[in-house]
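Novice: What follows is coords_12.txt, compact mmCIF, C-alpha atoms and all ligand atoms.
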# COMPACT_ATOMS: atom_id res chain seq x y z
CA MET A 571 0.08 -3.72 -23.46
CA ARG A 572 2.93 -1.27 -23.20
CA ILE A 573 5.81 -2.49 -21.02
CA LEU A 574 8.12 -0.35 -18.94
CA SER A 575 10.91 -1.18 -16.56
CA GLY A 576 14.13 0.32 -15.30
CA MET A 577 17.35 -0.54 -13.53
CA ARG A 578 19.55 1.61 -11.35
CA PRO A 579 23.17 2.09 -12.44
CA THR A 580 24.66 1.22 -9.08
CA GLY A 581 27.26 -1.44 -9.84
CA ARG A 582 28.37 -4.13 -12.23
CA PHE A 583 25.62 -5.98 -14.00
CA HIS A 584 25.44 -9.48 -12.51
CA LEU A 585 23.75 -12.81 -12.91
CA GLY A 586 20.98 -11.78 -10.51
CA ASN A 587 20.17 -8.77 -12.70
CA TYR A 588 20.21 -10.97 -15.76
CA LEU A 589 18.08 -13.86 -14.53
CA GLY A 590 15.84 -11.71 -12.38
CA ALA A 591 15.14 -8.96 -14.89
CA ALA A 592 16.99 -8.49 -18.18
CA LYS A 593 16.36 -12.00 -19.51
CA ASN A 594 12.66 -11.44 -19.05
CA TRP A 595 12.85 -8.02 -20.71
CA VAL A 596 14.47 -9.62 -23.76
CA GLU A 597 11.54 -12.05 -23.98
CA LEU A 598 8.92 -9.32 -23.52
CA GLN A 599 10.34 -7.17 -26.29
CA LYS A 600 9.54 -9.92 -28.80
CA GLU A 601 5.81 -9.49 -28.23
CA HIS A 602 5.27 -6.03 -26.81
CA GLU A 603 6.13 -2.40 -27.20
CA CYS A 604 8.76 -1.89 -24.53
CA PHE A 605 10.41 1.01 -22.73
CA PHE A 606 13.53 0.17 -20.75
CA PHE A 607 15.65 2.73 -19.01
CA VAL A 608 18.66 3.37 -16.85
CA ALA A 609 17.37 4.96 -13.65
CA ASP A 610 20.06 7.54 -12.95
CA TYR A 611 17.72 9.89 -11.06
CA HIS A 612 16.91 7.00 -8.73
CA ALA A 613 20.61 6.36 -8.20
CA LEU A 614 20.95 9.89 -6.80
CA THR A 615 18.81 8.90 -3.83
CA THR A 616 21.80 7.04 -2.40
CA GLU A 617 24.74 8.67 -4.23
CA PRO A 618 24.13 12.40 -4.80
CA ASP A 619 27.18 12.82 -7.03
CA GLY A 620 26.00 12.06 -10.55
CA HIS A 621 29.55 12.14 -11.91
CA LYS A 622 30.22 8.92 -10.10
CA ALA A 623 27.47 7.21 -12.07
CA GLU A 624 28.71 8.13 -15.54
CA ASP A 625 30.74 4.95 -16.12
CA LYS A 626 28.00 2.88 -14.58
CA VAL A 627 25.41 4.32 -16.96
CA PHE A 628 27.61 3.33 -19.86
CA ASP A 629 28.29 -0.12 -18.39
CA LEU A 630 24.67 -0.92 -17.66
CA THR A 631 23.46 0.28 -21.06
CA ALA A 632 26.15 -1.71 -22.85
CA ASP A 633 25.37 -4.79 -20.76
CA LEU A 634 21.66 -4.54 -21.50
CA ILE A 635 22.39 -4.36 -25.20
CA ALA A 636 24.89 -7.20 -24.90
CA VAL A 637 22.38 -9.57 -23.30
CA GLY A 638 19.80 -8.86 -25.97
CA ILE A 639 17.88 -5.64 -25.42
CA ASP A 640 17.47 -4.47 -28.99
CA PRO A 641 17.36 -0.68 -29.27
CA THR A 642 15.72 -0.89 -32.67
CA ARG A 643 12.83 -2.82 -31.11
CA SER A 644 12.60 -1.34 -27.62
CA VAL A 645 13.00 2.23 -26.49
CA LEU A 646 16.19 2.17 -24.42
CA TYR A 647 16.72 5.47 -22.65
CA LEU A 648 18.30 7.38 -19.82
CA GLN A 649 15.84 8.57 -17.18
CA SER A 650 17.37 12.00 -16.60
CA LYS A 651 17.28 12.75 -20.31
CA VAL A 652 13.50 12.80 -19.97
CA PRO A 653 13.12 15.53 -17.34
CA GLU A 654 9.32 15.51 -17.74
CA VAL A 655 9.46 12.66 -15.24
CA ALA A 656 10.52 15.11 -12.55
CA GLU A 657 7.51 17.34 -13.16
CA LEU A 658 5.18 14.37 -13.13
CA THR A 659 6.72 13.21 -9.84
CA LEU A 660 5.91 16.60 -8.35
CA LEU A 661 2.33 16.52 -9.56
CA LEU A 662 1.77 12.94 -8.39
CA SER A 663 3.12 13.87 -4.99
CA MET A 664 0.23 16.34 -4.58
CA VAL A 665 -2.30 13.52 -4.58
CA THR A 666 -0.21 11.09 -2.53
CA PRO A 667 -1.02 11.01 1.18
CA LEU A 668 2.11 10.93 3.31
CA SER A 669 0.80 7.91 5.20
CA TRP A 670 0.75 5.80 2.03
CA VAL A 671 4.44 6.38 1.46
CA GLN A 672 5.32 5.86 5.10
CA ARG A 673 3.98 2.33 4.81
CA VAL A 674 6.48 1.30 2.13
CA PRO A 675 8.90 -1.21 3.67
CA THR A 676 11.80 -0.49 1.29
CA PHE A 677 12.12 3.05 2.62
CA LYS A 678 12.69 1.78 6.12
CA GLN A 679 15.29 -0.70 4.85
CA MET A 680 17.08 1.91 2.78
CA ALA A 681 17.08 4.36 5.66
CA LYS A 682 18.72 1.70 7.79
CA GLN A 683 21.34 1.02 5.12
CA HIS A 684 22.16 4.70 4.63
CA PRO A 685 21.49 6.24 8.06
CA ASP A 686 23.46 9.40 7.31
CA ASN A 687 21.61 10.14 4.08
CA VAL A 688 17.90 9.72 4.68
CA ASN A 689 16.68 12.32 2.20
CA LEU A 690 13.31 13.34 0.80
CA GLY A 691 14.22 11.86 -2.59
CA LEU A 692 14.67 8.47 -1.00
CA PHE A 693 11.29 8.84 0.63
CA SER A 694 9.56 9.68 -2.62
CA TYR A 695 11.48 7.04 -4.57
CA PRO A 696 8.32 5.06 -5.38
CA ILE A 697 6.55 8.19 -6.63
CA LEU A 698 9.40 8.82 -9.08
CA GLN A 699 9.01 5.21 -10.07
CA GLY A 700 5.31 5.80 -10.63
CA ALA A 701 6.09 8.81 -12.79
CA ASP A 702 8.44 6.65 -14.89
CA ILE A 703 5.61 4.26 -15.57
CA LEU A 704 2.74 6.72 -16.03
CA MET A 705 4.73 9.12 -18.17
CA VAL A 706 4.70 6.63 -21.02
CA LYS A 707 1.37 5.11 -19.92
CA GLY A 708 3.08 1.82 -19.22
CA VAL A 709 0.76 -1.00 -18.22
CA GLY A 710 2.93 -4.07 -17.72
CA VAL A 711 5.79 -3.52 -15.31
CA PRO A 712 8.20 -6.45 -14.99
CA VAL A 713 9.70 -6.33 -11.51
CA GLY A 714 11.04 -8.60 -8.83
CA LYS A 715 9.34 -9.36 -5.53
CA ASP A 716 11.18 -6.56 -3.76
CA GLN A 717 9.37 -4.00 -5.92
CA LEU A 718 5.81 -5.19 -5.39
CA ALA A 719 5.13 -2.73 -2.57
CA HIS A 720 6.17 0.12 -4.86
CA LEU A 721 3.89 -1.09 -7.59
CA GLU A 722 0.98 -1.38 -5.20
CA LEU A 723 1.52 2.21 -4.10
CA VAL A 724 1.82 3.37 -7.71
CA ARG A 725 -1.49 1.72 -8.52
CA GLU A 726 -3.18 3.51 -5.63
CA VAL A 727 -1.69 6.84 -6.65
CA THR A 728 -2.81 6.26 -10.25
CA ARG A 729 -6.39 5.69 -9.14
CA LYS A 730 -6.26 8.73 -6.89
CA PHE A 731 -4.92 10.94 -9.70
CA ASN A 732 -7.55 9.71 -12.15
CA ARG A 733 -10.28 10.24 -9.56
CA THR A 734 -9.10 13.67 -8.54
CA TYR A 735 -8.60 15.10 -12.02
CA ALA A 736 -9.47 13.05 -15.08
CA PRO A 737 -8.87 9.48 -16.20
CA VAL A 738 -5.53 10.21 -17.84
CA PHE A 739 -3.66 7.03 -16.92
CA PRO A 740 -4.23 3.33 -17.45
CA GLU A 741 -3.61 1.43 -14.23
CA PRO A 742 -0.26 -0.32 -14.36
CA ARG A 743 0.36 -3.77 -12.93
CA ALA A 744 3.38 -5.77 -11.92
CA LEU A 745 4.49 -8.60 -14.14
CA MET A 746 6.22 -10.88 -11.69
CA THR A 747 9.48 -12.18 -12.98
CA GLU A 748 9.15 -15.94 -12.74
CA THR A 749 12.67 -17.07 -12.03
CA ASN A 750 13.86 -19.17 -9.18
CA LEU A 751 15.75 -16.57 -7.25
CA ILE A 752 19.26 -17.89 -7.16
CA LYS A 753 21.41 -16.98 -4.23
CA GLY A 754 24.76 -15.28 -4.45
CA THR A 755 28.16 -16.87 -3.96
CA ASP A 756 27.63 -16.85 -0.19
CA GLY A 757 24.70 -19.22 -0.64
CA LYS A 758 22.67 -17.06 1.73
CA GLN A 759 21.41 -13.84 0.20
CA ARG A 760 20.28 -12.82 -3.24
CA MET A 761 23.01 -11.36 -5.36
CA SER A 762 23.94 -7.82 -4.56
CA LYS A 763 26.95 -5.65 -5.12
CA THR A 764 26.75 -4.33 -1.56
CA VAL A 765 26.80 -7.83 -0.10
CA GLY A 766 29.70 -8.72 -2.42
CA ASN A 767 28.31 -12.09 -3.49
CA ILE A 768 27.86 -11.52 -7.22
CA ILE A 769 28.77 -13.45 -10.34
CA GLY A 770 29.31 -11.34 -13.44
CA VAL A 771 27.83 -11.87 -16.87
CA THR A 772 29.81 -9.80 -19.34
CA ASP A 773 32.95 -9.71 -17.21
CA ASP A 774 36.23 -11.27 -18.30
CA PRO A 775 36.43 -15.04 -17.89
CA GLU A 776 39.04 -14.71 -15.12
CA VAL A 777 36.64 -12.58 -13.07
CA ILE A 778 33.80 -15.05 -13.43
CA ARG A 779 36.11 -17.99 -12.67
CA LYS A 780 37.27 -16.33 -9.48
CA GLN A 781 33.74 -15.49 -8.38
CA VAL A 782 32.41 -18.98 -9.03
CA LEU A 783 35.35 -20.63 -7.29
CA SER A 784 34.63 -18.49 -4.24
CA MET A 785 31.13 -19.98 -3.89
CA VAL A 786 30.22 -21.49 -0.56
CA THR A 787 29.50 -25.17 -1.13
CA ASP A 788 27.94 -28.01 0.76
CA VAL A 789 28.69 -27.24 4.42
CA LYS A 790 27.55 -30.69 5.49
CA ARG A 791 30.29 -32.29 3.40
CA PRO A 792 33.56 -31.60 5.17
CA ARG A 793 35.60 -34.22 3.24
CA ARG A 794 35.76 -34.92 -0.46
CA THR A 795 34.95 -38.57 0.28
CA ASP A 796 31.72 -37.72 2.14
CA PRO A 797 28.48 -37.96 0.16
CA GLY A 798 27.08 -34.57 -0.91
CA HIS A 799 23.65 -33.03 -0.41
CA PRO A 800 22.66 -31.55 -3.76
CA ARG A 801 19.24 -30.42 -2.55
CA THR A 802 20.72 -27.96 -0.13
CA CYS A 803 23.95 -27.12 -1.96
CA ASN A 804 23.98 -23.75 -3.71
CA VAL A 805 26.38 -24.91 -6.42
CA CYS A 806 24.04 -27.78 -7.24
CA ALA A 807 21.16 -25.30 -7.48
CA TYR A 808 23.14 -23.57 -10.22
CA TYR A 809 23.62 -26.89 -11.99
CA LYS A 810 19.88 -27.27 -12.19
CA LEU A 811 19.68 -23.95 -13.98
CA PHE A 812 22.64 -24.21 -16.29
CA PHE A 813 23.16 -27.88 -17.13
CA ASP A 814 20.69 -30.00 -19.07
CA ASP A 815 22.18 -33.11 -17.45
CA TRP A 816 22.14 -31.65 -13.95
CA GLU A 817 20.62 -34.86 -12.54
CA HIS A 818 23.73 -36.74 -13.56
CA TYR A 819 25.89 -34.32 -11.60
CA TRP A 820 23.60 -34.40 -8.59
CA GLU A 821 23.94 -38.19 -8.60
CA LEU A 822 27.74 -38.01 -8.83
CA CYS A 823 27.69 -35.58 -5.93
CA ARG A 824 25.48 -37.84 -3.83
CA LYS A 825 27.88 -40.72 -4.42
CA ALA A 826 30.93 -38.59 -3.68
CA GLN A 827 32.18 -39.18 -7.19
CA ILE A 828 32.67 -35.50 -7.82
CA GLY A 829 34.04 -32.94 -5.39
CA CYS A 830 32.70 -29.48 -4.67
CA TYR A 831 35.75 -27.80 -6.13
CA ASP A 832 35.51 -29.74 -9.40
CA LYS A 833 31.84 -28.89 -9.62
CA LYS A 834 32.66 -25.21 -9.28
CA LYS A 835 35.35 -25.43 -11.93
CA LEU A 836 32.93 -27.04 -14.36
CA LEU A 837 30.24 -24.49 -13.53
CA ALA A 838 32.62 -21.59 -14.11
CA GLU A 839 33.57 -22.89 -17.55
CA ARG A 840 29.92 -23.52 -18.38
CA LEU A 841 28.93 -19.95 -17.49
CA ILE A 842 31.90 -18.47 -19.30
CA GLU A 843 30.93 -20.40 -22.43
CA LEU A 844 27.25 -19.52 -22.09
CA PHE A 845 27.99 -15.81 -21.78
CA ARG A 846 30.54 -15.74 -24.59
CA PRO A 847 28.12 -14.19 -27.13
CA PHE A 848 27.23 -11.46 -24.61
CA ARG A 849 30.90 -10.70 -24.04
CA GLU A 850 31.51 -10.49 -27.75
CA VAL A 851 28.73 -7.98 -28.38
CA ARG A 852 29.83 -5.99 -25.34
CA ALA A 853 33.44 -5.79 -26.56
CA GLU A 854 32.29 -4.27 -29.84
CA LEU A 855 30.34 -1.41 -28.26
CA SER A 856 32.09 1.94 -28.01
CA PRO A 857 31.08 4.70 -25.58
CA GLY A 858 30.10 6.80 -28.60
CA GLN A 859 27.73 4.17 -29.90
CA VAL A 860 26.17 3.59 -26.53
CA SER A 861 25.55 7.25 -25.90
CA ALA A 862 24.07 7.66 -29.40
CA ILE A 863 21.67 4.80 -28.64
CA LEU A 864 20.68 6.41 -25.34
CA ASP A 865 20.21 9.80 -27.00
CA GLU A 866 17.95 8.38 -29.64
CA GLY A 867 15.93 6.34 -27.16
CA SER A 868 15.61 9.28 -24.81
CA GLU A 869 14.32 11.45 -27.59
CA LYS A 870 11.61 8.90 -28.36
CA ALA A 871 10.68 8.57 -24.70
CA ARG A 872 10.58 12.32 -24.40
CA GLU A 873 8.18 12.66 -27.28
CA VAL A 874 5.76 10.31 -25.55
CA ALA A 875 6.35 11.98 -22.19
CA SER A 876 5.70 15.49 -23.41
CA ARG A 877 2.43 14.42 -24.97
CA THR A 878 1.39 12.88 -21.65
CA MET A 879 2.37 16.07 -19.83
CA VAL A 880 0.11 18.18 -22.03
CA GLU A 881 -2.79 15.99 -20.90
CA VAL A 882 -1.64 16.00 -17.30
CA ARG A 883 -1.29 19.78 -17.06
CA GLN A 884 -4.69 20.20 -18.62
CA ALA A 885 -6.26 17.72 -16.18
CA VAL A 886 -4.61 19.32 -13.16
CA GLY A 887 -5.52 22.83 -14.28
CA LEU A 888 -2.15 24.29 -15.17
CA PRO A 889 -1.54 26.45 -18.22
CA SER A 890 0.05 24.75 -21.21
CA TYR A 891 3.62 25.51 -21.96
CA LEU A 892 4.25 28.06 -24.65
CA ASN A 893 5.01 26.03 -27.76
CA ALA A 894 3.99 22.96 -25.86
CA PRO A 895 5.71 19.96 -27.35
CA GLY A 896 3.31 17.53 -28.89
CA ARG A 897 0.86 20.27 -29.81
N1 LIG B 1 13.18 0.66 -8.36
C1 LIG B 1 13.59 -0.27 -9.37
C2 LIG B 1 14.69 -1.17 -8.78
O1 LIG B 1 15.43 -0.76 -7.94
C3 LIG B 1 14.11 0.43 -10.60
C4 LIG B 1 13.03 1.26 -11.22
C5 LIG B 1 12.96 2.60 -11.25
C6 LIG B 1 11.86 0.79 -11.88
N2 LIG B 1 11.86 3.03 -11.91
C7 LIG B 1 11.16 1.95 -12.30
C8 LIG B 1 11.34 -0.48 -12.16
C9 LIG B 1 9.93 1.84 -12.98
C10 LIG B 1 10.13 -0.58 -12.81
C11 LIG B 1 9.43 0.58 -13.22
O2 LIG B 1 14.79 -2.29 -9.21
Output the structure of this file as structure tokens.
Ligand code: TRP

Specialist:
Amino acid sequence: MRILSGMRPTGRFHLGNYLGAAKNWVELQKEHECFFFVADYHALTTEPDGHKAEDKVFDLTADLIAVGIDPTRSVLYLQSKVPEVAELTLLLSMVTPLSWVQRVPTFKQMAKQHPDNVNLGLFSYPILQGADILMVKGVGVPVGKDQLAHLELVREVTRKFNRTYAPVFPEPRALMTETNLIKGTDGKQRMSKTVGNIIGVTDDPEVIRKQVLSMVTDVKRPRRTDPGHPRTCNVCAYYKLFFDDWEHYWELCRKAQIGCYDKKKLLAERLIELFRPFREVRAELSPGQVSAILDEGSEKAREVASRTMVEVRQAVGLPSYLNAPGR
């Protein structure tokens, strides 16, 4: 089963990205052939100036390598360096009824978030996503819950393409990332740069300390001497994930033997220690190295993509390119 997944370079890599996606990718690459990419075309749907994404592309790639994506094992590439994906998006759009795309809930949400930039690219976002997957004939697509509607649409479009032309593509399916979705520092929403409730992973210790100390704690515990409610406290939820002896801390909290602030201090140090190896790898990576890794990965992805496109053009009934790659 070939695996493919991508991430948009829209902000600092955070704990939500790590637990919700990258950690799972690292596991998958041990057993499967994997394609992972930085979705810079997708980022243009909300920020049309690609220059603004340059640093973020570097950051995200370096972070992915730092947390364990191994570019000698997986193909790690930059989406826009494989422009075949744009042609495939166009061709998929010809067999995609408008009404199918109009149903996608994320479009409505995004349009609400960016009311002054509701563009066609944003509308066809899931078709570009489908092209990402189909271009390398990916079958397993690790994604979070928020992406399931896209995957469902991609599956429908895949069937429609195969039916209309020829059975070129295997039908991809979502591999649900099985992590307890932790909430951000506000204790309310999942982590997101826009909400401003993130905790970093490869950031400097001071940054992580500050973010963790800003966490909203047990609101039903106004005084340090009041007993805590670990079941509903966001900080305690983190303990369950990051401390083997979390039950001990929950008990201390219940008995008011540890305060919320002290719990946050301990948690910050725990995370900083846990992420130390990531930080160390990250610090060693130069922009030159990172861009060489992306170049090499993109070349590999492009080889696969151009072979797919030969098949696709043939199926659709378009002439082959002169000197078609892969021929
Ligand atoms: N839309 C995904 C997200 O925002 C990123 C993405 C783009 C993706 N193309 C993909 C994920 C293909 C899986 C497969 O998280």

Novice: So that all listed atoms of ligand LIG 1 (chain B) fit with 6 Å spare on each side, what axis-aligned box centre and edge lengths in Å, to one decimal, would you give as JSON?

Specialist:
{"center_x": 12.4, "center_y": 0.4, "center_z": -10.6, "size_x": 18.0, "size_y": 17.3, "size_z": 17.3}

Novice: Within 7 Å of ligand LIG 1 (chain B), which residues of chain A come that close, and what is the closest atom pair and distance in Å for each? Count only C-alpha atoms and all ligand atoms and give it as a Markdown table.

Specialist:
| residue | atom | partner | partner_atom | distance |
| --- | --- | --- | --- | --- |
| A:Leu574 | CA | B:LIG1 | C11 | 5.9 |
| A:Ser575 | CA | B:LIG1 | C10 | 3.9 |
| A:Gly576 | CA | B:LIG1 | C6 | 4.1 |
| A:Met577 | CA | B:LIG1 | C3 | 4.5 |
| A:Arg578 | CA | B:LIG1 | C3 | 5.6 |
| A:Ala609 | CA | B:LIG1 | C5 | 5.5 |
| A:His612 | CA | B:LIG1 | C5 | 6.4 |
| A:Leu698 | CA | B:LIG1 | N2 | 6.9 |
| A:Gln699 | CA | B:LIG1 | N2 | 4.0 |
| A:Gly700 | CA | B:LIG1 | C9 | 6.5 |
| A:Asp702 | CA | B:LIG1 | C9 | 5.4 |
| A:Ile703 | CA | B:LIG1 | C9 | 5.6 |
| A:Val711 | CA | B:LIG1 | C10 | 5.8 |
| A:Pro712 | CA | B:LIG1 | C10 | 6.6 |
| A:Val713 | CA | B:LIG1 | C10 | 5.9 |
| A:Gln717 | CA | B:LIG1 | N1 | 6.5 |

Novice: Work out how far apart atom CA of Met664 of chain A and atom CA of Gly691 of chain A are and give it in Å to one decimal.

Specialist: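 Atom CA of Gly691 of chain A lies at a distance of 14.8 Å from atom CA of Met664 of chain A.
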
Novice: If you count only C-alpha atoms, which residues fall within 10 Å of Asp629 of chain A, apart from same-chain ones fewer than 4 positions away, as a ChimeraX atom specification?

Specialist: /A:579,581-583,623-625,633-635,772,852,857,860

Novice: Can you pull out the residues contacting Leu723 of chain A? Cut-off 9 Å, using all atoms listed in the file, and skip same-chain residues under 6 positions away; I want them as a PyMOL selection string.

Specialist: chain A and resi 670-671+674+696-697+700

Novice: Find the distance between atom CA of Arg572 of chain A and atom CA of Glu601 of chain A and write it in Å to one decimal.

Specialist: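 Straight-line distance from atom CA of Arg572 of chain A to atom CA of Glu601 of chain A works out to 10.1 Å.
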
Novice: Restricting the calculation to all atoms listed in the file: of A:Val706, A:Asn587, A:Thr615, A:Asn594, which residue gets closest to Met746 of chain A?

Specialist: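 Ranking A:Val706, A:Asn587, A:Thr615, A:Asn594 by distance to Met746 of chain A, first place goes to A:Asn594.
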
Novice: Set the distance at 8 Å and use all atoms listed in the file: which residues neighbour Lys834 of chain A once local chain neighbours fewer than 4 positions away are removed? I'd like the list as JSON, numbers by chain.

Specialist: {"A": [782, 783, 785, 805, 830, 838]}

Novice: Can you measure atom CA of His684 of chain A to atom CA of Leu662 of chain A for me? One decimal in Å is fine.

Specialist: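 Calculated distance between atom CA of His684 of chain A and atom CA of Leu662 of chain A is 25.6 Å.
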
Novice: Measuring between only C-alpha atoms, which one of A:Leu585, A:Met761, A:Leu888, A:Val709 shows the shortest distance to Leu721 of chain A?

Specialist: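 Among the listed residues, A:Val709 lies closest to Leu721 of chain A.
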
Novice: Any idea what's packed within 10 Å of segment 726-730 of chain A, counting all atoms listed in the file, ignoring anything in its chain fewer than 6 positions away? Could you give it as a ChimeraX atom specification?

Specialist: /A:662-667,670,697,700-701,704,720,736-742

Novice: Choose the residue, out of A:Phe693, A:His584, A:Glu854, A:Val627, that has the smallest atom-to-atom separation from Thr755 of chain A; count all atoms listed in the file.

Specialist: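 Using all atoms listed in the file, Thr755 of chain A sits closest to A:His584.
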
Novice: Which of these residues is nearest to Tyr831 of chain A, using only C-alpha atoms: A:Phe845, A:Arg779, A:Leu745, A:Lys810?

Specialist: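 Among the listed residues, the smallest separation from Tyr831 of chain A belongs to A:Arg779.
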
Novice: Can you pull out the residues contacting Asp814 of chain A? Cut-off 12 Å, using all atoms listed in the file, and skip same-chain residues under 6 positions away; I want them as a compact mmCIF listing (two decimals) with C-alpha atoms, in the coordinates of the input.

Specialist:
# COMPACT_ATOMS: atom_id res chain seq x y z
CA TYR A 808 23.14 -23.57 -10.22
CA TRP A 820 23.60 -34.40 -8.59
CA ARG A 840 29.92 -23.52 -18.38

Novice: Identify which of the residues A:Ala744, A:Ser694, A:Lys758, A:Ser861 lies closest to Lys715 of chain A, counting all atoms listed in the file when measuring atom-to-atom distances.

Specialist: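 Looking at the shortest contact to Lys715 of chain A, the residue is A:Ala744.
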
Novice: Which is closest to Val886 of chain A among A:Phe607, A:Asn732, A:Pro685, A:Lys593, if we use all atoms listed in the file?

Specialist: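 Counting all atoms listed in the file, the residue closest to Val886 of chain A is A:Asn732.
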
Novice: Sorted by chain and rising residue number, list the residues of segment 735-849 of chain A at most 12 Å from segment 637-659 of chain A (counting all atoms listed in the file), each with its closest atom pair and distance in Å to one decimal, as a tab-separated table.

Specialist:
residue	atom	partner	partner_atom	distance
A:Val771	CA	A:Val637	CA	8.7
A:Thr772	CA	A:Val637	CA	8.4
A:Leu844	CA	A:Val637	CA	11.1
A:Phe845	CA	A:Val637	CA	8.5
A:Arg846	CA	A:Val637	CA	10.3
A:Pro847	CA	A:Val637	CA	8.3
A:Phe848	CA	A:Val637	CA	5.4
A:Arg849	CA	A:Val637	CA	8.6

Novice: Starting from the incomplete input, reconstruct N, CA, C and O atoms of segment 611-623 of chain A and write that as a tab-separated table (two decimals), in the coordinates of the input.

Specialist:
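Output saved as selection.tsv:
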chain	number	residue	atom	x	y	z
A	611	TYR	N	18.30	9.04	-12.12
A	611	TYR	CA	17.72	9.89	-11.06
A	611	TYR	C	17.59	9.06	-9.77
A	611	TYR	O	17.93	9.52	-8.69
A	612	HIS	N	17.08	7.86	-9.91
A	612	HIS	CA	16.91	7.00	-8.73
A	612	HIS	C	18.24	6.74	-8.03
A	612	HIS	O	18.29	6.64	-6.80
A	613	ALA	N	19.30	6.63	-8.81
A	613	ALA	CA	20.61	6.36	-8.20
A	613	ALA	C	21.05	7.52	-7.30
A	613	ALA	O	21.81	7.33	-6.35
A	614	LEU	N	20.57	8.73	-7.61
A	614	LEU	CA	20.95	9.89	-6.80
A	614	LEU	C	20.39	9.83	-5.38
A	614	LEU	O	20.86	10.55	-4.50
A	615	THR	N	19.39	8.98	-5.18
A	615	THR	CA	18.81	8.90	-3.83
A	615	THR	C	19.83	8.36	-2.83
A	615	THR	O	19.74	8.64	-1.64
A	616	THR	N	20.78	7.57	-3.31
A	616	THR	CA	21.80	7.04	-2.40
A	616	THR	C	23.20	7.57	-2.68
A	616	THR	O	24.06	7.53	-1.82
A	617	GLU	N	23.43	8.09	-3.91
A	617	GLU	CA	24.74	8.67	-4.23
A	617	GLU	C	24.49	10.00	-4.96
A	617	GLU	O	24.26	10.01	-6.16
A	618	PRO	N	24.53	11.12	-4.21
A	618	PRO	CA	24.13	12.40	-4.80
A	618	PRO	C	25.07	12.91	-5.91
A	618	PRO	O	24.68	13.79	-6.67
A	619	ASP	N	26.25	12.36	-6.00
A	619	ASP	CA	27.18	12.82	-7.03
A	619	ASP	C	26.98	12.05	-8.33
A	619	ASP	O	27.41	10.90	-8.46
A	620	GLY	N	26.30	12.70	-9.27
A	620	GLY	CA	26.00	12.06	-10.55
A	620	GLY	C	27.24	11.72	-11.37
A	620	GLY	O	27.20	10.79	-12.18
A	621	HIS	N	28.33	12.44	-11.16
A	621	HIS	CA	29.55	12.14	-11.91
A	621	HIS	C	30.00	10.70	-11.68
A	621	HIS	O	30.52	10.05	-12.57
A	622	LYS	N	29.76	10.26	-10.45
A	622	LYS	CA	30.22	8.92	-10.10
A	622	LYS	C	29.44	7.84	-10.84
A	622	LYS	O	29.85	6.68	-10.85
A	623	ALA	N	28.29	8.22	-11.40
A	623	ALA	CA	27.47	7.21	-12.07
A	623	ALA	C	27.76	7.13	-13.57
A	623	ALA	O	27.27	6.22	-14.24
